[in-house]
Each structure stands twice: as structure tokens, then as C-alpha cells.
Amino acid sequence: MNSLLRRSLFPIYSNTLKLSCRSFADVGVKEKIDTIVKNNKVVVFMKGVPDAPRCGFSNAVVQIMRMHAVPYDSHDVLSDEDLRQGIKDHSNWPTIPQVFINGEFVGGCDIMLQMHQSGELIEELKKVGIKSALLTAEESKKEEQK
Amino acid sequence: MSILLRPGVHRIHRNMSAMSGVVESTIRSKLLQSLEAKHLDVINESYMHNVPKGAETHFKVVVVSDKFEGLPLIKRHRLVNDLLKDELQSGVHALSIVAKTPEQWEKSDKVVESSPNCKGGFGK
């Protein structure tokens, strides 16, 4: 509401402000993202939060993470416009959600879904020392059969 | 999580597209030309979201091309994203991509799952 008011009342003011601040903001958000993706093995940039995703694609990624019982850090881009644009620029990827493993951009919803289906996700998680719950379940099943 | 769409359902969408969508036909021609797609579906999924009727904001594309040969998934997606850069910057808000080589497409069941349901975050 506040920002709406400001925008309609002082369009020129806010435009010049945005222009002059842009370069600083860009640097700021870039550094912030670099830190975020390096601080955790798995990071998800999404719309909403894991308990209440605000987009079906983000929800799908949350569900996949849940199935594998992956601990991850999530960031809601809807609550931070700089982050929303910043993450797209950072990965050169136009859509949300975005998943990072070990600081590296892995993909969005489609890619996560395919990696999940092909078993590749289990392997990628293994590389960073995370054991997928699906793998654990599979192993205990085999154990029972013995 | 998602409902399976039979190929027949897609055919309906394709027929519908004949009478709609400037953006949709731009996407179609760009992918056809640049990727020499052997099979191409451009599905306007905007109706699944909280947008005006006839909107062109949410798309799913199914592209089968020789140009994907030897490329990991992420590079295939980047290829498609780059081709549709202008559209993505000017109104196309969601783009779901299925990118296969002709061989992969033949081996697959040629069934593409529909995108997950909207959770209302669009435009917020």
C-alpha cells in the first residue's frame, strides 16, 4: 500500500531514485545471492514458503524435496522484488523456482522433476553428502527381502 | 501431483490454438525454425491461472529436435529459454519445457504431464 501510494504520488522521484540506486542494489543482491547459495548444500528460490507455496511449480519442487527428505534453505522471491529479479539475472534463467546444489544452479521445476524420475537427483544429493530418504527406503526394503 | 494428459487431449489444445494467440504462434515459429523441431506442441496453460480469458502468460512447450543430441537437460532448456527471451521478458510468465531428442521421443510414451495447479501467486 505504501509503495503504491509513493509510486502514484512521486513517479519522477522514485524513478530517479531507482536509476541512481540500481547499480548499488545490483551489487548488493548479487553478493547476497552468492552468500545464500554457498551457505547451504541445497537452496530453493521459490514463490511462497515450503509450508505454503504460492505457485504450482514451486509446490512441485517442495514436494520432491520432501519425498527425498532433503534439508534445504528456501527463499521467497515474492517478498523481495530485488531477489526475484536478482536470482533470474544470477542464473540467467527466466523462471522461478530455482534449485541450487552446492552453490550451483541445477534447474527449475521441470528439470527437478526429471532428475527425480530418472534417479539422477539421488546421485546429485549423494555427491554433496545427503542421503535421499528414497534411497534409505529402498535399502531397508532390500534388507527385508534378504 | 499431476494429472496425466492423453495425447488426444493435447490435440484439442492444438486445434484451439489455430484461432488464438499471437505469442503462441511466435513461440511456435521460433522453435520450429531455430530448432528444426520434429515434433512441437505449444500449449497455452494460462487458463489454469488467475489471468484474463485469452491471456498468453503461461505456456508449456514440447520440443523434439536433433539439436538436443548430446546436450544435458539444463543446456536444452537454456537453448529454448534463449530463443524465447523476448517473449519471457514481455509477458510470458511461466514456461514449462519438455525437450527430447527424436530417439528419446520415440522411446517415450509420448505422454506429457500437465503442469501443476496454480497456487495463486501470480501477479503478487
# chains A, B, ... in the order shown; residues from 1 in each chain; ligands from 1
>>> interface_residues(of="chain B", to="chain A", cutoff="9 Å", atoms="only C-alpha atoms", output="PyMOL selection string")
chain B and resi 1+73-74+77-78+81+85+88-89+93-98+115-122+124
>>> residues_around(residues="range 37-46 of chain A", least_positions_apart="3", cutoff="7 Å", atoms="only C-alpha atoms", output="ChimeraX atom specification")
/A:33-34,58,72-77,96-103,128
>>> write_last_selection(atoms="C-alpha atoms", output="PDB file, in the first residue's frame")
ATOM      1  CA  ILE A  33      22.717 -14.458  -3.562  1.00  0.00           C
ATOM      2  CA  ASP A  34      26.327 -15.633  -3.728  1.00  0.00           C
ATOM      3  CA  SER A  58       7.305 -24.136  -6.558  1.00  0.00           C
ATOM      4  CA  TYR A  72      17.240 -27.134   2.400  1.00  0.00           C
ATOM      5  CA  ASP A  73      17.200 -23.422   2.731  1.00  0.00           C
ATOM      6  CA  SER A  74      14.340 -21.647   0.968  1.00  0.00           C
ATOM      7  CA  HIS A  75      13.826 -18.051  -0.062  1.00  0.00           C
ATOM      8  CA  ASP A  76      10.537 -16.461  -1.006  1.00  0.00           C
ATOM      9  CA  VAL A  77      11.030 -14.214  -4.034  1.00  0.00           C
ATOM     10  CA  ILE A  96      11.058 -19.401 -10.561  1.00  0.00           C
ATOM     11  CA  PRO A  97      11.568 -21.854  -8.794  1.00  0.00           C
ATOM     12  CA  GLN A  98      15.324 -22.289  -8.973  1.00  0.00           C
ATOM     13  CA  VAL A  99      17.246 -25.002  -7.187  1.00  0.00           C
ATOM     14  CA  PHE A 100      20.904 -24.811  -6.191  1.00  0.00           C
ATOM     15  CA  ILE A 101      23.019 -27.730  -5.045  1.00  0.00           C
ATOM     16  CA  ASN A 102      26.475 -26.984  -3.640  1.00  0.00           C
ATOM     17  CA  GLY A 103      26.271 -23.394  -4.857  1.00  0.00           C
ATOM     18  CA  VAL A 128      27.119 -33.459  -1.530  1.00  0.00           C
TER      19      VAL A 128
END
>>> residues_around(residues="Ala69 in chain A", least_positions_apart="4", cutoff="8 Å", atoms="only C-alpha atoms", output="ChimeraX atom specification")
/A:65,132-133
>>> write_last_selection(atoms="all heavy atoms", output="mmCIF file, in the first residue's frame")
data_model
loop_
_atom_site.group_PDB
_atom_site.id
_atom_site.type_symbol
_atom_site.label_atom_id
_atom_site.label_comp_id
_atom_site.auth_asym_id
_atom_site.auth_seq_id
_atom_site.Cartn_x
_atom_site.Cartn_y
_atom_site.Cartn_z
ATOM 1 N N MET A 65 11.468 -32.354 -2.731
ATOM 2 C CA MET A 65 12.424 -32.254 -1.625
ATOM 3 C C MET A 65 11.918 -33.039 -0.419
ATOM 4 O O MET A 65 12.677 -33.677 0.294
ATOM 5 C CB MET A 65 12.629 -30.785 -1.221
ATOM 6 C CG MET A 65 13.303 -29.958 -2.275
ATOM 7 S SD MET A 65 14.926 -30.631 -2.663
ATOM 8 C CE MET A 65 15.410 -29.585 -3.998
ATOM 9 N N SER A 132 19.312 -39.501 0.213
ATOM 10 C CA SER A 132 17.879 -39.367 -0.051
ATOM 11 C C SER A 132 17.086 -40.391 0.755
ATOM 12 O O SER A 132 17.484 -41.539 0.882
ATOM 13 C CB SER A 132 17.609 -39.560 -1.532
ATOM 14 O OG SER A 132 16.243 -39.845 -1.743
ATOM 15 N N ALA A 133 15.937 -39.952 1.274
ATOM 16 C CA ALA A 133 15.067 -40.853 2.029
ATOM 17 C C ALA A 133 14.556 -41.980 1.130
ATOM 18 O O ALA A 133 14.265 -43.077 1.604
ATOM 19 C CB ALA A 133 13.892 -40.073 2.612
#
>>> select_by_dssp(residues="range 15-113 of chain B", states="helix (DSSP H, G or I)", output="PyMOL selection string")
chain B and resi 15-17+22-35+46-48+66-68+73-83+85-89+102-107
>>> atom_distance(atom1="CA of Glu138 in chain A", atom2="CA of Ile122 in chain A")
11.7 Å
>>> select_by_dssp(residues="chain B", states="strand (DSSP E or B)", output="PDB file with C-alpha atoms, in the first residue's frame")
ATOM      1  CA  LEU B   4      -1.796 -37.398 -16.995  1.00  0.00           C
ATOM      2  CA  HIS B  39       7.594 -32.554 -33.098  1.00  0.00           C
ATOM      3  CA  LEU B  40       6.299 -29.465 -31.406  1.00  0.00           C
ATOM      4  CA  ASP B  41       3.477 -28.725 -29.030  1.00  0.00           C
ATOM      5  CA  VAL B  42       2.906 -25.226 -27.774  1.00  0.00           C
ATOM      6  CA  ILE B  43       0.255 -25.383 -25.102  1.00  0.00           C
ATOM      7  CA  ASN B  44      -1.245 -22.263 -23.642  1.00  0.00           C
ATOM      8  CA  HIS B  58       1.685 -19.486 -19.081  1.00  0.00           C
ATOM      9  CA  PHE B  59       2.972 -21.911 -21.670  1.00  0.00           C
ATOM     10  CA  LYS B  60       4.206 -25.424 -21.923  1.00  0.00           C
ATOM     11  CA  VAL B  61       6.290 -26.464 -24.901  1.00  0.00           C
ATOM     12  CA  VAL B  62       7.131 -29.976 -26.020  1.00  0.00           C
ATOM     13  CA  VAL B  63      10.062 -29.851 -28.409  1.00  0.00           C
ATOM     14  CA  VAL B  64      11.635 -32.797 -30.172  1.00  0.00           C
ATOM     15  CA  ALA B  94       5.789 -19.314 -16.950  1.00  0.00           C
ATOM     16  CA  LEU B  95       7.400 -21.631 -19.425  1.00  0.00           C
ATOM     17  CA  SER B  96       7.459 -25.332 -18.836  1.00  0.00           C
ATOM     18  CA  ILE B  97       9.759 -27.237 -21.171  1.00  0.00           C
ATOM     19  CA  VAL B  98       9.924 -30.818 -22.335  1.00  0.00           C
ATOM     20  CA  ALA B  99      12.985 -31.164 -24.572  1.00  0.00           C
ATOM     21  CA  LYS B 100      13.765 -34.524 -26.135  1.00  0.00           C
ATOM     22  CA  GLU B 113       2.038 -34.440 -17.912  1.00  0.00           C
TER      23      GLU B 113
END
>>> residues_around(residues="Gly86 in chain A", least_positions_apart="3", cutoff="9 Å", atoms="only C-alpha atoms", output="count of residues only")
10
>>> closest_residue(among="A:Arg84, A:His116, A:Glu144, A:Thr35", to="Arg66 in chain A", atoms="only C-alpha atoms")
A:His116
>>> residues_around(residues="range 34-38 of chain B", least_positions_apart="6", cutoff="8 Å", atoms="only C-alpha atoms", output="MDAnalysis selection string")
chainID B and resid 63:67 83 102
>>> residues_around(residues="Gln117 in chain A", least_positions_apart="4", cutoff="12 Å", atoms="only C-alpha atoms", output="PDB file with N, CA and C atoms, in the first residue's frame")
ATOM      1  N   ILE A  64       9.017 -32.657  -4.056  1.00  0.00           N
ATOM      2  CA  ILE A  64      10.151 -33.524  -4.405  1.00  0.00           C
ATOM      3  C   ILE A  64      11.162 -33.542  -3.254  1.00  0.00           C
ATOM      4  N   MET A  67       9.872 -35.646  -0.458  1.00  0.00           N
ATOM      5  CA  MET A  67       9.976 -37.090  -0.726  1.00  0.00           C
ATOM      6  C   MET A  67      11.380 -37.610  -0.438  1.00  0.00           C
ATOM      7  N   HIS A  68      12.383 -36.794  -0.783  1.00  0.00           N
ATOM      8  CA  HIS A  68      13.770 -37.220  -0.569  1.00  0.00           C
ATOM      9  C   HIS A  68      14.256 -36.849   0.835  1.00  0.00           C
ATOM     10  N   ASP A 110      10.834 -28.324 -13.990  1.00  0.00           N
ATOM     11  CA  ASP A 110      10.872 -29.404 -14.999  1.00  0.00           C
ATOM     12  C   ASP A 110      12.095 -30.290 -14.821  1.00  0.00           C
ATOM     13  N   ILE A 111      13.239 -29.644 -14.613  1.00  0.00           N
ATOM     14  CA  ILE A 111      14.493 -30.390 -14.503  1.00  0.00           C
ATOM     15  C   ILE A 111      14.516 -31.199 -13.211  1.00  0.00           C
ATOM     16  N   MET A 112      14.040 -30.599 -12.124  1.00  0.00           N
ATOM     17  CA  MET A 112      13.993 -31.333 -10.854  1.00  0.00           C
ATOM     18  C   MET A 112      13.098 -32.567 -10.973  1.00  0.00           C
ATOM     19  N   LEU A 113      11.982 -32.378 -11.654  1.00  0.00           N
ATOM     20  CA  LEU A 113      11.046 -33.480 -11.824  1.00  0.00           C
ATOM     21  C   LEU A 113      11.694 -34.619 -12.619  1.00  0.00           C
ATOM     22  N   LEU A 121      18.654 -37.317  -9.232  1.00  0.00           N
ATOM     23  CA  LEU A 121      18.638 -36.461  -8.043  1.00  0.00           C
ATOM     24  C   LEU A 121      19.293 -37.159  -6.855  1.00  0.00           C
ATOM     25  N   ILE A 122      19.006 -38.450  -6.704  1.00  0.00           N
ATOM     26  CA  ILE A 122      19.614 -39.231  -5.620  1.00  0.00           C
ATOM     27  C   ILE A 122      21.135 -39.161  -5.729  1.00  0.00           C
ATOM     28  N   GLU A 123      21.630 -39.297  -6.967  1.00  0.00           N
ATOM     29  CA  GLU A 123      23.080 -39.262  -7.199  1.00  0.00           C
ATOM     30  C   GLU A 123      23.666 -37.889  -6.881  1.00  0.00           C
ATOM     31  N   LEU A 134      14.461 -41.707  -0.157  1.00  0.00           N
ATOM     32  CA  LEU A 134      14.007 -42.744  -1.088  1.00  0.00           C
ATOM     33  C   LEU A 134      15.030 -43.870  -1.175  1.00  0.00           C
TER      34      LEU A 134
END
>>> atom_distance(atom1="CA of Val70 in chain A", atom2="CA of Pro72 in chain B")
23.5 Å
>>> atom_distance(atom1="CA of Pro52 in chain B", atom2="CA of Glu87 in chain B")
17.9 Å
>>> closest_residue(among="A:Val49, A:Asp80, A:Glu143, A:Val27", to="Val61 in chain A", atoms="only C-alpha atoms")
A:Val49
>>> closest_residue(among="A:Pro50, A:Lys146, A:Gly28, A:Pro71", to="Leu125 in chain A", atoms="only C-alpha atoms")
A:Pro71
